[in-house]
Each structure stands twice: as structure tokens, then as C-alpha cells.
$ cat protein12.json   # JSON, C-alpha atoms
[["chain", "number", "residue", "atom", "x", "y", "z"],
["A", 25, "MET", "CA", -30.64, -26.56, -101.02],
["A", 26, "LYS", "CA", -31.28, -23.98, -103.68],
["A", 27, "ILE", "CA", -33.48, -21.99, -101.30],
["A", 28, "ILE", "CA", -30.85, -22.16, -98.55],
["A", 29, "LEU", "CA", -28.16, -20.91, -100.94],
["A", 30, "SER", "CA", -30.39, -18.04, -102.06],
["A", 31, "ALA", "CA", -31.06, -17.03, -98.47],
["A", 32, "ALA", "CA", -27.36, -17.19, -97.69],
["A", 33, "LEU", "CA", -26.60, -15.10, -100.73],
["A", 34, "ALA", "CA", -29.21, -12.54, -99.72],
["A", 35, "ALA", "CA", -27.74, -12.38, -96.23],
["A", 36, "SER", "CA", -24.27, -11.85, -97.68],
["A", 37, "VAL", "CA", -25.49, -9.05, -99.91],
["A", 38, "LEU", "CA", -27.26, -7.40, -96.97],
["A", 39, "ALA", "CA", -24.15, -7.69, -94.80],
["A", 40, "PHE", "CA", -22.03, -6.21, -97.56],
["A", 41, "SER", "CA", -24.45, -3.32, -98.04],
["A", 42, "GLN", "CA", -24.50, -2.59, -94.31],
["A", 43, "ALA", "CA", -20.72, -2.64, -94.18],
["A", 44, "ALA", "CA", -20.56, -0.29, -97.14],
["A", 45, "ALA", "CA", -23.04, 2.05, -95.48],
["A", 46, "ALA", "CA", -20.85, 2.07, -92.37],
["A", 47, "ASP", "CA", -17.92, 3.37, -94.40],
["A", 48, "PRO", "CA", -18.73, 6.80, -95.83],
["A", 49, "ILE", "CA", -16.79, 7.95, -98.86],
["A", 50, "PRO", "CA", -13.82, 10.07, -97.74],
["A", 51, "ILE", "CA", -13.69, 13.44, -99.49],
["A", 52, "VAL", "CA", -10.99, 16.10, -99.11],
["A", 53, "ALA", "CA", -11.80, 19.67, -100.14],
["A", 54, "ALA", "CA", -9.06, 22.27, -100.30],
["A", 55, "GLU", "CA", -11.51, 25.03, -99.32],
["A", 56, "ASN", "CA", -14.40, 24.75, -96.88],
["A", 57, "PHE", "CA", -17.06, 26.02, -99.29],
["A", 58, "TYR", "CA", -16.32, 23.08, -101.58],
["A", 59, "GLY", "CA", -16.40, 20.89, -98.48],
["A", 60, "ASP", "CA", -19.78, 22.34, -97.57],
["A", 61, "LEU", "CA", -21.04, 21.52, -101.05],
["A", 62, "ALA", "CA", -19.76, 17.95, -100.67],
["A", 63, "THR", "CA", -21.59, 17.59, -97.36],
["A", 64, "GLN", "CA", -24.82, 18.94, -98.82],
["A", 65, "ILE", "CA", -24.72, 16.47, -101.70],
["A", 66, "GLY", "CA", -23.22, 13.49, -99.90],
["A", 67, "GLY", "CA", -25.01, 13.75, -96.55],
["A", 68, "ASP", "CA", -24.14, 10.95, -94.15],
["A", 69, "LEU", "CA", -22.80, 8.87, -97.04],
["A", 70, "VAL", "CA", -19.58, 10.93, -97.13],
["A", 71, "ALA", "CA", -16.93, 12.04, -94.66],
["A", 72, "VAL", "CA", -15.60, 15.46, -95.62],
["A", 73, "THR", "CA", -12.31, 17.07, -94.60],
["A", 74, "SER", "CA", -11.88, 20.75, -95.48],
["A", 75, "ILE", "CA", -8.30, 21.99, -95.35],
["A", 76, "LEU", "CA", -8.80, 25.77, -95.52],
["A", 77, "SER", "CA", -11.51, 26.55, -93.00],
["A", 78, "ASN", "CA", -10.07, 29.22, -90.68],
["A", 79, "PRO", "CA", -11.66, 32.62, -91.41],
["A", 80, "ASP", "CA", -8.73, 34.35, -89.69],
["A", 81, "GLU", "CA", -6.15, 32.76, -91.99],
["A", 82, "ASP", "CA", -4.95, 34.27, -95.27],
["A", 83, "PRO", "CA", -5.48, 31.47, -97.82],
["A", 84, "HIS", "CA", -2.69, 32.83, -100.01],
["A", 85, "LEU", "CA", -0.17, 32.21, -97.22],
["A", 86, "PHE", "CA", -1.23, 28.64, -96.45],
["A", 87, "GLU", "CA", 1.41, 25.91, -96.41],
["A", 88, "ALA", "CA", 0.45, 22.25, -96.51],
["A", 89, "SER", "CA", 1.36, 20.11, -93.49],
["A", 90, "PRO", "CA", 1.92, 16.35, -93.05],
["A", 91, "ALA", "CA", -1.66, 16.17, -91.75],
["A", 92, "THR", "CA", -2.86, 17.56, -95.08],
["A", 93, "ALA", "CA", -0.94, 14.87, -96.95],
["A", 94, "ARG", "CA", -2.34, 12.13, -94.69],
["A", 95, "ALA", "CA", -5.92, 13.29, -95.26],
["A", 96, "LEU", "CA", -5.33, 13.36, -99.00],
["A", 97, "ALA", "CA", -3.85, 9.86, -99.00],
["A", 98, "GLY", "CA", -7.12, 8.27, -97.92],
["A", 99, "ALA", "CA", -9.47, 10.37, -100.04],
["A", 100, "LYS", "CA", -11.64, 8.81, -102.73],
["A", 101, "VAL", "CA", -12.65, 12.25, -104.03],
["A", 102, "VAL", "CA", -10.63, 15.47, -103.93],
["A", 103, "ILE", "CA", -11.98, 18.92, -104.76],
["A", 104, "TYR", "CA", -9.85, 21.99, -105.16],
["A", 105, "ASN", "CA", -10.05, 25.39, -106.77],
["A", 106, "GLY", "CA", -7.14, 25.53, -109.20],
["A", 107, "ALA", "CA", -6.12, 28.62, -111.22],
["A", 108, "ASP", "CA", -3.07, 28.85, -108.91],
["A", 109, "TYR", "CA", -5.20, 29.63, -105.86],
["A", 110, "ASP", "CA", -4.16, 26.43, -104.10],
["A", 111, "PRO", "CA", -1.08, 25.17, -106.00],
["A", 112, "TRP", "CA", -0.03, 23.02, -103.04],
["A", 113, "MET", "CA", -2.97, 20.70, -103.78],
["A", 114, "GLY", "CA", -1.67, 19.84, -107.22],
["A", 115, "GLN", "CA", 1.77, 19.19, -105.76],
["A", 116, "LEU", "CA", 0.40, 16.88, -103.06],
["A", 117, "ILE", "CA", -1.74, 14.95, -105.54],
["A", 118, "ALA", "CA", 1.24, 14.48, -107.88],
["A", 119, "ALA", "CA", 3.36, 13.22, -104.97],
["A", 120, "ASN", "CA", 0.66, 10.83, -103.73],
["A", 121, "LYS", "CA", -0.92, 9.19, -106.75],
["A", 122, "ALA", "CA", -3.98, 6.99, -106.42],
["A", 123, "PRO", "CA", -5.53, 5.68, -109.66],
["A", 124, "GLU", "CA", -8.97, 5.23, -108.06],
["A", 125, "ARG", "CA", -9.11, 8.77, -106.69],
["A", 126, "LYS", "CA", -11.36, 11.26, -108.48],
["A", 127, "VAL", "CA", -9.93, 14.79, -108.61],
["A", 128, "ILE", "CA", -12.32, 17.66, -109.31],
["A", 129, "ILE", "CA", -10.73, 21.02, -110.18],
["A", 130, "ALA", "CA", -13.19, 23.91, -110.25],
["A", 131, "ALA", "CA", -11.03, 25.99, -112.61],
["A", 132, "VAL", "CA", -11.06, 23.24, -115.22],
["A", 133, "LEU", "CA", -14.84, 22.97, -115.03],
["A", 134, "VAL", "CA", -15.36, 26.68, -115.71],
["A", 135, "ASN", "CA", -12.46, 27.09, -118.16],
["A", 136, "ARG", "CA", -10.25, 29.26, -115.97],
["A", 137, "LYS", "CA", -6.47, 29.18, -116.04],
["A", 138, "PRO", "CA", -3.51, 30.47, -113.99],
["A", 139, "GLY", "CA", -3.44, 34.25, -114.28],
["A", 140, "ASP", "CA", -7.23, 34.57, -114.21],
["A", 141, "ASN", "CA", -8.95, 35.85, -111.10],
["A", 142, "PRO", "CA", -8.79, 32.72, -108.89],
["A", 143, "HIS", "CA", -11.79, 33.52, -106.64],
["A", 144, "LEU", "CA", -14.02, 31.24, -108.69],
["A", 145, "TRP", "CA", -16.63, 30.49, -106.03],
["A", 146, "TYR", "CA", -17.99, 34.02, -106.48],
["A", 147, "ASP", "CA", -18.86, 33.17, -110.08],
["A", 148, "PRO", "CA", -22.49, 31.95, -110.04],
["A", 149, "ALA", "CA", -21.58, 29.28, -112.60],
["A", 150, "THR", "CA", -18.89, 27.59, -110.51],
["A", 151, "MET", "CA", -20.75, 25.82, -107.72],
["A", 152, "PRO", "CA", -23.37, 24.25, -110.03],
["A", 153, "ALA", "CA", -20.54, 22.93, -112.21],
["A", 154, "VAL", "CA", -18.73, 21.45, -109.19],
["A", 155, "ALA", "CA", -22.03, 20.00, -107.93],
["A", 156, "GLU", "CA", -22.58, 18.20, -111.24],
["A", 157, "ALA", "CA", -19.04, 16.78, -111.29],
["A", 158, "LEU", "CA", -19.19, 15.72, -107.66],
["A", 159, "THR", "CA", -22.56, 14.02, -108.06],
["A", 160, "ALA", "CA", -21.25, 12.03, -111.02],
["A", 161, "ALA", "CA", -18.15, 11.01, -109.04],
["A", 162, "LEU", "CA", -20.17, 9.89, -106.01],
["A", 163, "ALA", "CA", -22.70, 8.00, -108.11],
["A", 164, "LYS", "CA", -19.86, 6.13, -109.81],
["A", 165, "ALA", "CA", -18.19, 5.29, -106.50],
["A", 166, "ASP", "CA", -21.45, 4.31, -104.81],
["A", 167, "LEU", "CA", -23.95, 3.19, -107.43],
["A", 168, "ALA", "CA", -26.42, 1.95, -104.81],
["A", 169, "HIS", "CA", -27.00, 5.53, -103.63],
["A", 170, "ALA", "CA", -26.81, 7.28, -106.99],
["A", 171, "ALA", "CA", -30.43, 8.43, -106.72],
["A", 172, "ASP", "CA", -29.74, 9.94, -103.30],
["A", 173, "TYR", "CA", -26.86, 11.99, -104.66],
["A", 174, "GLN", "CA", -28.94, 13.15, -107.61],
["A", 175, "LYS", "CA", -31.77, 14.18, -105.29],
["A", 176, "ARG", "CA", -29.45, 16.19, -103.04],
["A", 177, "LYS", "CA", -27.79, 17.82, -106.04],
["A", 178, "ALA", "CA", -31.18, 18.93, -107.33],
["A", 179, "ALA", "CA", -32.01, 20.35, -103.90],
["A", 180, "PHE", "CA", -28.69, 22.23, -103.84],
["A", 181, "LEU", "CA", -29.27, 23.73, -107.27],
["A", 182, "ASP", "CA", -32.79, 24.75, -106.27],
["A", 183, "SER", "CA", -31.40, 26.42, -103.13],
["A", 184, "LEU", "CA", -29.33, 28.76, -105.29],
["A", 185, "ALA", "CA", -32.46, 30.34, -106.74],
["A", 186, "PRO", "CA", -32.70, 33.14, -104.11],
["A", 187, "MET", "CA", -29.05, 34.05, -104.71],
["A", 188, "ASN", "CA", -29.54, 34.20, -108.47],
["A", 189, "ALA", "CA", -32.72, 36.23, -108.03],
["A", 190, "LYS", "CA", -30.83, 38.67, -105.82],
["A", 191, "ILE", "CA", -28.10, 39.02, -108.43],
["A", 192, "ASP", "CA", -30.70, 39.74, -111.10],
["A", 193, "ASP", "CA", -32.40, 42.29, -108.83],
["A", 194, "LEU", "CA", -29.13, 44.11, -108.13],
["A", 195, "ARG", "CA", -28.22, 44.02, -111.79],
["A", 196, "GLY", "CA", -31.54, 45.57, -112.70],
["A", 197, "ARG", "CA", -31.09, 48.43, -110.25],
["A", 198, "PHE", "CA", -27.35, 49.04, -110.25],
["A", 199, "TYR", "CA", -25.98, 47.92, -113.62],
["A", 200, "GLY", "CA", -23.00, 50.05, -114.65],
["A", 201, "THR", "CA", -22.24, 51.28, -111.12],
["A", 202, "TYR", "CA", -18.55, 52.04, -110.52],
["A", 203, "VAL", "CA", -16.93, 50.16, -107.64],
["A", 204, "THR", "CA", -13.44, 49.26, -106.44],
["A", 205, "ALA", "CA", -11.80, 46.85, -103.99],
["A", 206, "THR", "CA", -8.67, 46.01, -102.04],
["A", 207, "GLU", "CA", -8.48, 42.63, -103.82],
["A", 208, "PRO", "CA", -10.43, 40.95, -106.64],
["A", 209, "VAL", "CA", -12.25, 38.60, -104.26],
["A", 210, "PHE", "CA", -15.76, 39.70, -105.29],
["A", 211, "GLY", "CA", -14.77, 40.16, -108.93],
["A", 212, "TYR", "CA", -16.90, 37.49, -110.60],
["A", 213, "MET", "CA", -19.96, 38.40, -108.60],
["A", 214, "SER", "CA", -19.33, 42.04, -109.46],
["A", 215, "ASP", "CA", -19.28, 41.08, -113.13],
["A", 216, "ALA", "CA", -22.51, 39.09, -112.75],
["A", 217, "ILE", "CA", -24.24, 42.14, -111.27],
["A", 218, "GLY", "CA", -22.85, 44.37, -114.01],
["A", 219, "PHE", "CA", -20.63, 46.66, -111.95],
["A", 220, "LYS", "CA", -17.73, 48.50, -113.52],
["A", 221, "MET", "CA", -14.71, 47.54, -111.43],
["A", 222, "ARG", "CA", -11.93, 50.11, -111.16],
["A", 223, "ASN", "CA", -8.26, 49.73, -110.10],
["A", 224, "TYR", "CA", -7.97, 46.05, -110.99],
["A", 225, "ASP", "CA", -4.15, 46.19, -111.31],
["A", 226, "PHE", "CA", -3.94, 47.56, -107.78],
["A", 227, "GLN", "CA", -6.11, 44.68, -106.52],
["A", 228, "VAL", "CA", -3.97, 42.04, -108.21],
["A", 229, "ALA", "CA", -0.81, 43.52, -106.71],
["A", 230, "VAL", "CA", -2.29, 43.37, -103.21],
["A", 231, "MET", "CA", -3.55, 39.82, -103.79],
["A", 232, "ASN", "CA", -0.09, 38.70, -104.89],
["A", 233, "ASP", "CA", 1.62, 40.39, -101.91],
["A", 234, "THR", "CA", 3.52, 42.80, -104.15],
["A", 235, "ASP", "CA", 3.70, 46.56, -103.74],
["A", 236, "PRO", "CA", 1.26, 48.50, -105.92],
["A", 237, "THR", "CA", 2.83, 51.35, -107.83],
["A", 238, "PRO", "CA", 2.38, 54.88, -106.48],
["A", 239, "ASN", "CA", 0.10, 55.68, -109.41],
["A", 240, "GLN", "CA", -2.09, 52.66, -108.62],
["A", 241, "VAL", "CA", -2.45, 53.77, -105.01],
["A", 242, "ILE", "CA", -3.23, 57.34, -106.05],
["A", 243, "GLY", "CA", -5.85, 56.01, -108.45],
["A", 244, "VAL", "CA", -7.72, 54.28, -105.61],
["A", 245, "ARG", "CA", -7.43, 57.31, -103.35],
["A", 246, "ASN", "CA", -8.73, 59.65, -106.04],
["A", 247, "ASP", "CA", -11.72, 57.39, -106.57],
["A", 248, "ILE", "CA", -12.47, 57.57, -102.85],
["A", 249, "TRP", "CA", -11.81, 61.28, -102.37],
["A", 250, "HIS", "CA", -13.86, 62.32, -105.41],
["A", 251, "HIS", "CA", -16.63, 59.76, -104.96],
["A", 252, "LYS", "CA", -16.02, 58.13, -108.33],
["A", 253, "ILE", "CA", -17.14, 54.83, -106.81],
["A", 254, "LYS", "CA", -20.33, 53.84, -105.01],
["A", 255, "VAL", "CA", -18.90, 50.87, -103.03],
["A", 256, "PHE", "CA", -15.49, 49.91, -101.68],
["A", 257, "PHE", "CA", -15.10, 46.11, -101.32],
["A", 258, "TYR", "CA", -12.74, 45.17, -98.53],
["A", 259, "ASN", "CA", -11.20, 41.71, -98.09],
["A", 260, "SER", "CA", -11.67, 41.46, -94.34],
["A", 261, "GLN", "CA", -9.77, 38.17, -94.19],
["A", 262, "ALA", "CA", -6.47, 39.04, -95.85],
["A", 263, "THR", "CA", -5.41, 42.60, -95.17],
["A", 264, "ASP", "CA", -2.28, 44.71, -95.00],
["A", 265, "ASP", "CA", -1.61, 48.21, -93.70],
["A", 266, "LEU", "CA", -2.27, 49.84, -97.07],
["A", 267, "ALA", "CA", -5.60, 48.08, -97.52],
["A", 268, "LYS", "CA", -6.64, 49.04, -94.00],
["A", 269, "SER", "CA", -5.71, 52.66, -94.56],
["A", 270, "LEU", "CA", -7.74, 52.79, -97.77],
["A", 271, "ARG", "CA", -10.71, 51.26, -96.00],
["A", 272, "ASP", "CA", -10.41, 53.92, -93.30],
["A", 273, "GLU", "CA", -10.29, 56.62, -95.97],
["A", 274, "ALA", "CA", -13.43, 55.22, -97.58],
["A", 275, "VAL", "CA", -15.20, 55.39, -94.23],
["A", 276, "LYS", "CA", -13.92, 58.95, -93.68],
["A", 277, "TYR", "CA", -15.20, 60.09, -97.06],
["A", 278, "ASP", "CA", -18.57, 58.35, -96.67],
["A", 279, "VAL", "CA", -17.99, 55.72, -99.34],
["A", 280, "PRO", "CA", -19.88, 52.56, -98.31],
["A", 281, "VAL", "CA", -17.57, 49.67, -97.39],
["A", 282, "VAL", "CA", -18.68, 46.08, -97.91],
["A", 283, "GLY", "CA", -16.56, 43.36, -96.34],
["A", 284, "VAL", "CA", -16.06, 40.10, -98.22],
["A", 285, "THR", "CA", -14.15, 36.95, -97.27],
["A", 286, "GLU", "CA", -12.36, 34.12, -99.02],
["A", 287, "THR", "CA", -13.37, 31.43, -96.53],
["A", 288, "GLU", "CA", -16.92, 30.43, -95.67],
["A", 289, "PRO", "CA", -17.68, 31.71, -92.14],
["A", 290, "PRO", "CA", -18.36, 29.16, -89.38],
["A", 291, "GLY", "CA", -22.00, 28.20, -88.94],
["A", 292, "MET", "CA", -23.01, 29.25, -92.45],
["A", 293, "THR", "CA", -23.75, 27.35, -95.61],
["A", 294, "TYR", "CA", -22.42, 28.55, -98.94],
["A", 295, "GLN", "CA", -25.89, 29.86, -99.78],
["A", 296, "GLN", "CA", -26.21, 31.81, -96.52],
["A", 297, "TRP", "CA", -22.70, 33.23, -96.93],
["A", 298, "MET", "CA", -23.36, 34.54, -100.43],
["A", 299, "MET", "CA", -26.76, 35.96, -99.50],
["A", 300, "SER", "CA", -25.38, 37.76, -96.43],
["A", 301, "GLN", "CA", -22.84, 39.57, -98.59],
["A", 302, "LEU", "CA", -25.34, 40.37, -101.32],
["A", 303, "ASP", "CA", -27.74, 41.74, -98.70],
["A", 304, "ALA", "CA", -24.95, 43.90, -97.23],
["A", 305, "LEU", "CA", -24.17, 45.17, -100.72],
["A", 306, "ASP", "CA", -27.83, 45.97, -101.36],
["A", 307, "LYS", "CA", -27.98, 47.93, -98.09],
["A", 308, "ALA", "CA", -24.81, 49.83, -98.93],
["A", 309, "LEU", "CA", -26.04, 50.83, -102.37],
["A", 310, "SER", "CA", -29.59, 51.60, -101.29],
["A", 311, "THR", "CA", -28.93, 53.56, -98.13],
["A", 312, "GLY", "CA", -25.24, 54.42, -98.15],
["A", 313, "ALA", "CA", -24.80, 52.48, -94.90],
["A", 314, "LYS", "CA", -21.27, 51.38, -94.13]]

$ encode --input "protein12.json" --output "C-alpha cells"
Amino acid sequence: MKIILSAALAASVLAFSQAAAADPIPIVAAENFYGDLATQIGGDLVAVTSILSNPDEDPHLFEASPATARALAGAKVVIYNGADYDPWMGQLIAANKAPERKVIIAAVLVNRKPGDNPHLWYDPATMPAVAEALTAALAKADLAHAADYQKRKAAFLDSLAPMNAKIDDLRGRFYGTYVTATEPVFGYMSDAIGFKMRNYDFQVAVMNDTDPTPNQVIGVRNDIWHHKIKVFFYNSQATDDLAKSLRDEAVKYDVPVVGVTETEPPGMTYQQWMMSQLDALDKALSTGAK
């Protein structure tokens, strides 16, 4: 009888484990690069929904829909940027409380607050911090696969080595180079390389959909006309007529233009996305190619 009970117990445990494996952990990421990270760490043990994933959409103009709220309602883990980049996420979470849900806010992990540059995923420290927090959350929710999550996290961190090496290489060759931009999208990466970013107040005004002052606009134009900058970063995802005209002036005056985006492009991983932009930057600085 004891042997029969043990066998029955083992069968029950196996059935429970199989059922658990059939139900991946639902994760909602506000931005698709955080969703990509969740997929890389969770594999087939998670089901990821990324809310902002359209490269043709201005993230600053996004408005949450009922579908967004429904996805959030069933999530066991939620990841969002914070620092007022996606304030609608905080509002949705507050309106739909779930004590068992783990909420990961990138800005909190890297000590950023509202008013800081919100494009945190360009800071080389951000994704490793989110990876650590996510791995801990998944291991707690699914202890049986904790080692799997740890293994995938280690692989993700290792995969960032080429990006970090590229940053170090660019820093060694171009530290102190003056650059400017339409918006502060590339700001943290620019800091990591050691660039000197000009016209930051102009960039913030454009980012916040407010009109830059005439003096701010003249400052950018003077930098272009007189070649005070070596690269002009252009947010190719969220543009207005002024930003487009300044990009055209940079092209006219042979100032290299490097396009950057706020959303991970389709068919790319976070690592590939970052490397493609760093390679384009290297080409622009090395050859003057636009």
C-alpha cells in the first residue's frame, strides 16, 4: 500500500509539473526591447506581450487601450521604463492591483527619476539591471526552472560583451567629440562613449512637443553651418517639420547624420539593434558617411 501511494504521489507530481509547463508565465512589457529581454531570459517558459512595438509610432503620443488593460490584468510580471516615459503604465497598474504581480521599473533600478532623460535603454547599465531583476522574479514564480533562468541571464549578459567592447573602442578614438541631436534619445550612450552633447535644451523641447526658443534653434543651426559638431543624431521614429529641416541642413552641410530609434526594429534583438547603431556611428565618424 505504501508503494502504491508513493507511485500515485509521483504521478500526481509529474502531472502537476506537466500542467505547469503547459502554462508559461505571462509577462507584459511596456516597450518591446524589455519584452525581447524577457523572451531571451524566459524562453518557452514565458509568454510575452509587448505594448509599444510599432517602429512607425511615436512612443510619446501613445495612449493605452482596453486591450492594454486586459493584457496587464493577466500578467504575473510587468516591466516598464518609468521616469515619465510611459506614465500610462503606472496608472493602469494602480487601477488594476494584483498582489501577486511583480512590477519591474527600469528607472528605479538605475536610480533615475521624472525629469531625467527617460531613454534609459541606451544606458549600458540598464538592461543588465533589468535582467537581474527579471531573473529573480521568474525564479521566485517558477522555482523548478530557476536554474534555466539563471543560465539564460548569464548568456544574455555575455552577449552584451561586443556592444561594451564597441563602446570602449569608440570612447578610445572619439572621446570629447562634439555632437548634437534632434532629441536626447542616444544621450546615455553618448555619455558612455564620452561625447560632448550640445543643444540639450533644444532636444528636450522637441521631445516634450514644445516649441524650442529661437535662440535654441539658431544654436543648432550654427553648430551645423560652422561644423562645430561631428555627428547629428536624428530620431527617425518621432519627427516634426523642424527636426526634418535640421536633418536636411546637416546633410546639405556635410555633417554626418546617424538615425536612432526609440523602438526595437522588427526582426532584431536588442543586441543587434544597439550594434547596428554603434556601427553606423563608427562609419559616420571614421569616413564622414551620411

$ closest_residue --input "protein12.json" --among "A:Asn246, A:Gln301, A:Gln64, A:Gln295" --to "Ala185 (chain A)" --atoms "only C-alpha atoms"
A:Gln295

$ closest_residue --input "protein12.json" --among "A:Tyr173, A:Tyr277, A:Tyr224, A:Tyr258" --to "Asp140 (chain A)" --atoms "only C-alpha atoms"
A:Tyr224

$ residues_near_point --input "protein12.json" --point "(-6.9, 26.2, -112.3)" --cutoff "12 Å" --atoms "all atoms listed in the file" --output "list in words"
Ile103, Tyr104, Asn105, Gly106, Ala107, Asp108, Tyr109, Asp110, Pro111, Trp112, Met113, Gly114, Ile128, Ile129, Ala130, Ala131, Val132, Leu133, Val134, Asn135, Arg136, Lys137, Pro138, Gly139, Asp140, Asn141, Pro142, His143 and Leu144 of chain A

$ residues_around --input "protein12.json" --residues "Ala93 (chain A)" --least-positions-apart "6" --cutoff "10 Å" --atoms "all atoms listed in the file" --output "list of chain:residue names"
A:Met113, A:Leu116, A:Ile117, A:Ala119, A:Asn120

$ atom_distance --input "protein12.json" --atom1 "CA of Lys307 (chain A)" --atom2 "CA of Tyr199 (chain A)"
15.7 Å

$ closest_residue --input "protein12.json" --among "A:Val255, A:Ala178, A:Val228, A:Ala171" --to "Arg271 (chain A)" --atoms "all atoms listed in the file"
A:Val255

$ atom_distance --input "protein12.json" --atom1 "CA of Val70 (chain A)" --atom2 "CA of Pro50 (chain A)"
5.9 Å

$ residues_around --input "protein12.json" --residues "region 152-161 of chain A" --least-positions-apart "4" --cutoff "9 Å" --atoms "all atoms listed in the file" --output "list in words"
Tyr58, Leu61, Ala62, Ile65, Gly66, Val101, Ile103, Lys126, Ile128, Ile129, Ala130, Leu133, Val134, Pro148, Ala165, Asp166, Ala170, Tyr173, Gln174, Arg176, Lys177, Phe180, Leu181 and Leu184 of chain A

$ closest_residue --input "protein12.json" --among "A:Gly291, A:Leu309, A:Thr206, A:Pro186" --to "Phe219 (chain A)" --atoms "all atoms listed in the file"
A:Leu309

$ residues_around --input "protein12.json" --residues "Thr63 (chain A)" --least-positions-apart "5" --cutoff "10 Å" --atoms "all atoms listed in the file" --output "PyMOL selection string"
chain A and resi 51+57-58+68-73+176

$ write_last_selection --input "protein12.json" --atoms "C-alpha atoms" --output "PDB file, in the frame of the given file"
ATOM      1  CA  ILE A  51     -13.690  13.440 -99.490  1.00  0.00           C
ATOM      2  CA  PHE A  57     -17.060  26.020 -99.290  1.00  0.00           C
ATOM      3  CA  TYR A  58     -16.320  23.080-101.580  1.00  0.00           C
ATOM      4  CA  ASP A  68     -24.140  10.950 -94.150  1.00  0.00           C
ATOM      5  CA  LEU A  69     -22.800   8.870 -97.040  1.00  0.00           C
ATOM      6  CA  VAL A  70     -19.580  10.930 -97.130  1.00  0.00           C
ATOM      7  CA  ALA A  71     -16.930  12.040 -94.660  1.00  0.00           C
ATOM      8  CA  VAL A  72     -15.600  15.460 -95.620  1.00  0.00           C
ATOM      9  CA  THR A  73     -12.310  17.070 -94.600  1.00  0.00           C
ATOM     10  CA  ARG A 176     -29.450  16.190-103.040  1.00  0.00           C
TER      11      ARG A 176
END
